[in-house]
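A.B. asks: Structure provided below as structure tokens; questions to follow.
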Amino acid sequence: MTRFGPDCLGGALAHLRPSDHCWVAYSGGLDSTVLLHAACSICGRLPGELRAIHIDHGLHADSSLWSAHCARQCDALGVPLVIRCLQLQPLPGESIEAMARQSRYRALAALLAPGDCVLTAHNQDDQAETLLLALLRGSGVQGLAAMPSETVLGQGRLLRPLLDVPRLALEHYARHQGLSWIEDPSNRAQRLDRNYLRHRVVPLLRARWPAVSATLARSAGHCAESARLVEAVASDALAGSAGRCGGTLSIQALAKLDRGRQRSALRLWLRRRGFAIPQTRHLARILDELLRARPDADPLVSWAGCEVRRYRDDLFALPPLPPSPGALAIRWEPDSAFAGLNLPLGLGSLQWPEMADGRRRDPWSAGALTVRFGLTGQTCRPRLAAHRRALKKLLQEAGIPRWLRPYVPLVLSGERLIAVAGVCGCGHEGSGPGPIESPRWRGHPWEELGVFAC
């Protein structure tokens, strides 16, 4: 049987550069307990100061007891512990496993400072199960690569130093060292796919092929090599397919690629943007419906957590659009000069730039302002020498996608439009020495696109 000890962990981490902190993702279960104990034994050889992070998903009645157990163990080991409570509430039909995993990685990413690393206790058996699940889902080479031993996470890196270690070796170490750990009852629930494989399928395979976990993990490694080659090709395709807006793809450039490169480029694009890789049917719809749609059409392909849309020659991948503000009207009082305004529905905030000279007019010269959304029939003259334009025409000229226009804050003084946030201010005849500037629109979900330049 393969043996595990602190030196095995030290060898797996020897290549790392020094950093401020080396975190252990500590659930309190057997695997992470072994990882934390072994890390303590070689703390002088770790790339940074050893710390532990415990994620309380809030999905089990005893989760607070598990947090307390982790706190006691870390206190006994002299390891600083951070506990993050998520209080997840899955929607009907939503995969609890997937939601918990995504939320857990988001919490870990938020924790890491530049250069930090976090260690997780995924082992060889976990890797074999992940490959089997990917096979049963019909995954491509990226999915069959299972879990990488090292990957970027937030501002730091996530490492899985135990991927070559069988679960049985970790259990032997834990019992030999007299360690105490938590048994999560959900790990026995065979309604969950991974648990069904672990308790029903893999034992049958192991009875016939004793080295099944090592063999499957080795296959995952071969797939990972192939995936890196595919990613290199896809990366070259992406480099030549950048769209006009930040993070978008040029439809014309994509159309010049063969279908295989198109699929690879789309998968890599979506993964780099942090979205779940879509099923084959979703990829086919993007290629057949979005790339071939008329430039004035508004096609949409969506799956959990992602919407892919087009506007003109750009392909966008975005989180689902929030509820439309509709007829919402927000009063903006001049409590202080150029005071900011926080918008509801996660739409960020507005802030007027301070007047650097006398040529800019005070937007509150006629009293309180109103912020509205989705108005029609309004006009705006963006420059003193320019003709007045219909709001729809102005947004078209600014390159604002149709499906974003209902969210653009429109600032009115009385019934008169004086600014389109992120686009321009509006001048009016006889209204002063110069046009009002547009307020800066910050913190909204589409800031990275760069379509709102002001």
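Convention: chains lettered A, B, ... in structure tokens order; per-chain residue numbering from 1; ligands numbered from 1 as shown.
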Applying 10 Å and only C-alpha atoms, which residues near segment 62-74 of chain A remain after dropping the ones on its own chain fewer than 2 positions away? List them as JSON, numbers by chain.

C.D. replies: {"A": [26, 27, 28, 29, 33, 36, 37, 51, 52, 53, 54, 55, 56, 57, 58, 59, 60, 76, 77, 78, 79, 80, 81, 82, 83, 84, 85, 179, 180, 181, 182, 183, 184]}

A.B. asks: Excluding segment 249-263 of chain A and any residue of its chain fewer than 4 positions from it, enumerate the residues within 9 Å of it, using only C-alpha atoms, and give them as a PyMOL selection string.

C.D. replies: chain A and resi 233-234+237-238+240-245+267-269+283-284+287+290-292+310+312-316

A.B. asks: With a distance cut-off of 9 Å and only C-alpha atoms, select the neighbouring residues of Arg17 of chain A, excluding the residue or stretch itself and same-chain residues fewer than 3 positions from it, and output the selection as a PyMOL selection string.

C.D. replies: chain A and resi 14+47-48+115

A.B. asks: As a list in words, please: the residues near segment 139-146 of chain A (cut-off 9 Å, only C-alpha atoms, same-chain neighbours under 4 positions excluded).

C.D. replies: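 Counting only the stated atoms, we get Gln127, Ala128, Glu129, Thr130, Leu131, Leu132, Leu133, Ala134, Leu135, Ala217, Ser219, Ala220, Gly221, His222, Cys223, Ala224, Glu225, Ser226, Ala227, Arg228, Val230, Glu231, Gln279 and Thr280 of chain A.
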
A.B. asks: Just how far from atom CA of Pro406 of chain A is atom CA of Leu328 of chain A, in Å to one decimal?

C.D. replies: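 Those two atoms sit 11.0 Å apart.
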
A.B. asks: Using the chain letters and numbers from this document, which residues of segment 131-355 of chain A does DSSP assign to helix (DSSP H, G or I), as a PyMOL selection string?

C.D. replies: chain A and resi 131-136+141-144+167-177+185-188+193-208+212-239+251-255+259-272+280-290

A.B. asks: Mind the document's chain letters and residue numbers, and return as an mmCIF file with N, CA and C atoms, in the first residue's frame the residues of segment 173-403 of chain A that DSSP labels strand (DSSP E).

C.D. replies:
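See part_16.cif below for the written result:
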```
data_model
loop_
_atom_site.group_PDB
_atom_site.id
_atom_site.type_symbol
_atom_site.label_atom_id
_atom_site.label_comp_id
_atom_site.auth_asym_id
_atom_site.auth_seq_id
_atom_site.Cartn_x
_atom_site.Cartn_y
_atom_site.Cartn_z
ATOM 1 N N LEU A 249 -16.051 38.622 -28.035
ATOM 2 C CA LEU A 249 -15.441 37.997 -29.207
ATOM 3 C C LEU A 249 -16.022 38.610 -30.469
ATOM 4 N N SER A 250 -15.192 38.706 -31.481
ATOM 5 C CA SER A 250 -15.640 39.189 -32.781
ATOM 6 C C SER A 250 -16.305 38.040 -33.537
ATOM 7 N N LEU A 300 -30.383 34.792 -27.920
ATOM 8 C CA LEU A 300 -29.890 34.531 -26.571
ATOM 9 C C LEU A 300 -29.756 33.030 -26.379
ATOM 10 N N VAL A 301 -28.614 32.603 -25.845
ATOM 11 C CA VAL A 301 -28.413 31.224 -25.405
ATOM 12 C C VAL A 301 -27.995 31.285 -23.938
ATOM 13 N N SER A 302 -28.713 30.575 -23.079
ATOM 14 C CA SER A 302 -28.439 30.682 -21.643
ATOM 15 C C SER A 302 -28.393 29.308 -20.998
ATOM 16 N N TRP A 303 -27.657 29.231 -19.906
ATOM 17 C CA TRP A 303 -27.642 28.068 -19.003
ATOM 18 C C TRP A 303 -27.345 28.620 -17.617
ATOM 19 N N CYS A 306 -25.200 31.939 -16.782
ATOM 20 C CA CYS A 306 -24.578 32.587 -17.935
ATOM 21 C C CYS A 306 -25.594 32.853 -19.031
ATOM 22 N N GLU A 307 -25.441 33.990 -19.686
ATOM 23 C CA GLU A 307 -26.205 34.329 -20.880
ATOM 24 C C GLU A 307 -25.231 34.781 -21.963
ATOM 25 N N VAL A 308 -25.320 34.182 -23.142
ATOM 26 C CA VAL A 308 -24.495 34.592 -24.272
ATOM 27 C C VAL A 308 -25.401 35.331 -25.253
ATOM 28 N N ARG A 309 -25.031 36.560 -25.589
ATOM 29 C CA ARG A 309 -25.806 37.423 -26.475
ATOM 30 C C ARG A 309 -24.890 38.004 -27.541
ATOM 31 N N ARG A 310 -25.470 38.602 -28.552
ATOM 32 C CA ARG A 310 -24.681 39.309 -29.552
ATOM 33 C C ARG A 310 -25.240 40.713 -29.736
ATOM 34 N N TYR A 311 -24.367 41.600 -30.159
ATOM 35 C CA TYR A 311 -24.789 42.925 -30.606
ATOM 36 C C TYR A 311 -23.814 43.339 -31.690
ATOM 37 N N ASP A 314 -20.186 41.811 -31.974
ATOM 38 C CA ASP A 314 -19.636 41.344 -30.707
ATOM 39 C C ASP A 314 -20.479 40.233 -30.088
ATOM 40 N N LEU A 315 -19.785 39.230 -29.542
ATOM 41 C CA LEU A 315 -20.424 38.152 -28.789
ATOM 42 C C LEU A 315 -20.125 38.388 -27.316
ATOM 43 N N PHE A 316 -21.180 38.456 -26.493
ATOM 44 C CA PHE A 316 -21.057 38.767 -25.072
ATOM 45 C C PHE A 316 -21.386 37.533 -24.234
ATOM 46 N N ALA A 317 -20.644 37.319 -23.158
ATOM 47 C CA ALA A 317 -20.982 36.317 -22.135
ATOM 48 C C ALA A 317 -21.130 37.066 -20.818
ATOM 49 N N LEU A 318 -22.328 36.998 -20.239
ATOM 50 C CA LEU A 318 -22.656 37.809 -19.062
ATOM 51 C C LEU A 318 -23.427 36.986 -18.039
ATOM 52 N N ILE A 330 -36.097 57.643 -9.222
ATOM 53 C CA ILE A 330 -35.312 57.883 -8.009
ATOM 54 C C ILE A 330 -35.027 59.375 -7.907
ATOM 55 N N ARG A 331 -35.362 59.977 -6.798
ATOM 56 C CA ARG A 331 -35.128 61.409 -6.582
ATOM 57 C C ARG A 331 -33.695 61.613 -6.100
ATOM 58 N N TRP A 332 -32.990 62.528 -6.747
ATOM 59 C CA TRP A 332 -31.587 62.808 -6.412
ATOM 60 C C TRP A 332 -31.508 64.228 -5.867
ATOM 61 N N LEU A 341 -25.033 58.962 -5.819
ATOM 62 C CA LEU A 341 -26.339 58.322 -5.669
ATOM 63 C C LEU A 341 -26.168 56.821 -5.879
ATOM 64 N N ASN A 342 -26.539 56.029 -4.890
ATOM 65 C CA ASN A 342 -26.521 54.579 -5.015
ATOM 66 C C ASN A 342 -27.820 54.114 -5.668
ATOM 67 N N SER A 349 -23.627 52.947 -8.904
ATOM 68 C CA SER A 349 -23.822 54.285 -8.352
ATOM 69 C C SER A 349 -23.485 55.342 -9.409
ATOM 70 N N LEU A 350 -24.029 56.541 -9.195
ATOM 71 C CA LEU A 350 -23.757 57.696 -10.052
ATOM 72 C C LEU A 350 -22.981 58.729 -9.258
ATOM 73 N N GLN A 351 -22.022 59.359 -9.901
ATOM 74 C CA GLN A 351 -21.236 60.417 -9.265
ATOM 75 C C GLN A 351 -20.869 61.447 -10.317
ATOM 76 N N LEU A 369 -33.116 66.403 -8.890
ATOM 77 C CA LEU A 369 -33.135 65.666 -10.144
ATOM 78 C C LEU A 369 -33.883 64.352 -9.963
ATOM 79 N N THR A 370 -34.224 63.727 -11.079
ATOM 80 C CA THR A 370 -34.867 62.414 -11.058
ATOM 81 C C THR A 370 -34.095 61.485 -11.984
ATOM 82 N N VAL A 371 -33.857 60.272 -11.517
ATOM 83 C CA VAL A 371 -33.212 59.251 -12.345
ATOM 84 C C VAL A 371 -34.287 58.257 -12.779
ATOM 85 N N ARG A 372 -34.410 58.088 -14.084
ATOM 86 C CA ARG A 372 -35.403 57.172 -14.657
ATOM 87 C C ARG A 372 -34.705 56.159 -15.564
ATOM 88 N N THR A 379 -35.101 63.396 -26.244
ATOM 89 C CA THR A 379 -34.039 63.833 -27.149
ATOM 90 C C THR A 379 -32.885 64.403 -26.343
ATOM 91 N N CYS A 380 -31.723 64.458 -26.987
ATOM 92 C CA CYS A 380 -30.527 64.960 -26.301
ATOM 93 C C CYS A 380 -29.589 65.573 -27.323
ATOM 94 N N ARG A 389 -30.626 64.749 -30.985
ATOM 95 C CA ARG A 389 -30.857 63.395 -31.451
ATOM 96 C C ARG A 389 -31.893 62.708 -30.575
ATOM 97 N N ALA A 390 -32.642 61.824 -31.187
ATOM 98 C CA ALA A 390 -33.525 60.967 -30.400
ATOM 99 C C ALA A 390 -32.661 60.078 -29.507
#
```

A.B. asks: Skipping near chain neighbours, those fewer than 3 positions away, what residues fall within 10 Å of Ser19 of chain A using only C-alpha atoms, listed as a ChimeraX atom specification?

C.D. replies: /A:16,22,46-49,113-117,156

A.B. asks: Selected residues, N, CA, C and O atoms, written as a PDB file, in the first residue's frame, please.

C.D. replies:
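Result saved to again.pdb:
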```pdb
ATOM      1  N   LEU A  16       7.138  25.550  -5.014  1.00  0.00           N
ATOM      2  CA  LEU A  16       6.410  26.813  -4.847  1.00  0.00           C
ATOM      3  C   LEU A  16       7.328  27.955  -4.440  1.00  0.00           C
ATOM      4  O   LEU A  16       8.274  27.781  -3.666  1.00  0.00           O
ATOM      5  N   CYS A  22       0.103  30.431   3.381  1.00  0.00           N
ATOM      6  CA  CYS A  22      -0.237  29.142   2.792  1.00  0.00           C
ATOM      7  C   CYS A  22      -1.458  28.626   3.559  1.00  0.00           C
ATOM      8  O   CYS A  22      -1.361  28.256   4.732  1.00  0.00           O
ATOM      9  N   LEU A  46       6.942  25.185   4.247  1.00  0.00           N
ATOM     10  CA  LEU A  46       5.820  25.695   3.454  1.00  0.00           C
ATOM     11  C   LEU A  46       6.200  27.025   2.806  1.00  0.00           C
ATOM     12  O   LEU A  46       7.067  27.744   3.313  1.00  0.00           O
ATOM     13  N   PRO A  47       5.535  27.395   1.715  1.00  0.00           N
ATOM     14  CA  PRO A  47       5.896  28.647   1.027  1.00  0.00           C
ATOM     15  C   PRO A  47       5.525  29.901   1.809  1.00  0.00           C
ATOM     16  O   PRO A  47       6.032  30.990   1.514  1.00  0.00           O
ATOM     17  N   GLY A  48       4.633  29.788   2.788  1.00  0.00           N
ATOM     18  CA  GLY A  48       4.211  30.951   3.568  1.00  0.00           C
ATOM     19  C   GLY A  48       3.696  30.530   4.926  1.00  0.00           C
ATOM     20  O   GLY A  48       3.673  29.337   5.274  1.00  0.00           O
ATOM     21  N   GLU A  49       3.267  31.503   5.719  1.00  0.00           N
ATOM     22  CA  GLU A  49       2.730  31.225   7.056  1.00  0.00           C
ATOM     23  C   GLU A  49       1.487  30.351   6.942  1.00  0.00           C
ATOM     24  O   GLU A  49       0.571  30.637   6.177  1.00  0.00           O
ATOM     25  N   ALA A 113      -4.719  36.731  -0.915  1.00  0.00           N
ATOM     26  CA  ALA A 113      -3.977  37.930  -1.318  1.00  0.00           C
ATOM     27  C   ALA A 113      -3.062  37.550  -2.480  1.00  0.00           C
ATOM     28  O   ALA A 113      -2.832  36.366  -2.741  1.00  0.00           O
ATOM     29  N   PRO A 114      -2.542  38.543  -3.215  1.00  0.00           N
ATOM     30  CA  PRO A 114      -1.650  38.223  -4.336  1.00  0.00           C
ATOM     31  C   PRO A 114      -0.503  37.306  -3.907  1.00  0.00           C
ATOM     32  O   PRO A 114       0.195  37.588  -2.935  1.00  0.00           O
ATOM     33  N   GLY A 115      -0.335  36.202  -4.629  1.00  0.00           N
ATOM     34  CA  GLY A 115       0.749  35.258  -4.354  1.00  0.00           C
ATOM     35  C   GLY A 115       0.414  34.184  -3.351  1.00  0.00           C
ATOM     36  O   GLY A 115       1.150  33.200  -3.218  1.00  0.00           O
ATOM     37  N   ASP A 116      -0.682  34.331  -2.587  1.00  0.00           N
ATOM     38  CA  ASP A 116      -1.059  33.303  -1.611  1.00  0.00           C
ATOM     39  C   ASP A 116      -1.452  32.010  -2.312  1.00  0.00           C
ATOM     40  O   ASP A 116      -1.840  32.004  -3.489  1.00  0.00           O
ATOM     41  N   CYS A 117      -1.380  30.908  -1.574  1.00  0.00           N
ATOM     42  CA  CYS A 117      -1.872  29.638  -2.101  1.00  0.00           C
ATOM     43  C   CYS A 117      -2.800  28.999  -1.080  1.00  0.00           C
ATOM     44  O   CYS A 117      -2.713  29.267   0.120  1.00  0.00           O
ATOM     45  N   GLY A 156      -4.497  34.382  -6.122  1.00  0.00           N
ATOM     46  CA  GLY A 156      -3.485  33.405  -5.738  1.00  0.00           C
ATOM     47  C   GLY A 156      -3.603  32.129  -6.547  1.00  0.00           C
ATOM     48  O   GLY A 156      -4.003  32.138  -7.703  1.00  0.00           O
TER      49      GLY A 156
END
```

A.B. asks: Nearest to Leu347 of chain A among A:Gly367, A:Arg381, A:Pro445, A:Asp298, with distances taken over only C-alpha atoms: which residue is it?

C.D. replies: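 For Leu347 of chain A, the nearest of the candidates is A:Pro445.
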
A.B. asks: Name the residues in contact with Leu410 of chain A at a cut-off of 9 Å, using only C-alpha atoms, excluding same-chain residues fewer than 4 positions from it; report them as a list in words.

C.D. replies: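 The filter keeps Thr370, Val371, Arg372, Phe373, Gly374, Leu375, Leu417, Ile418, Ala419, Val420 and Ala421 of chain A.
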
A.B. asks: Would you compute the distance between atom CA of Leu108 of chain A and atom CA of Leu158 of chain A? Give it in Å to one decimal.

C.D. replies: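 Distance between the two atoms: 8.9 Å.
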
A.B. asks: Separation of atom CA of Ala211 of chain A and atom CA of Leu197 of chain A, in Å?

C.D. replies: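 These two atoms are separated by 15.9 Å.
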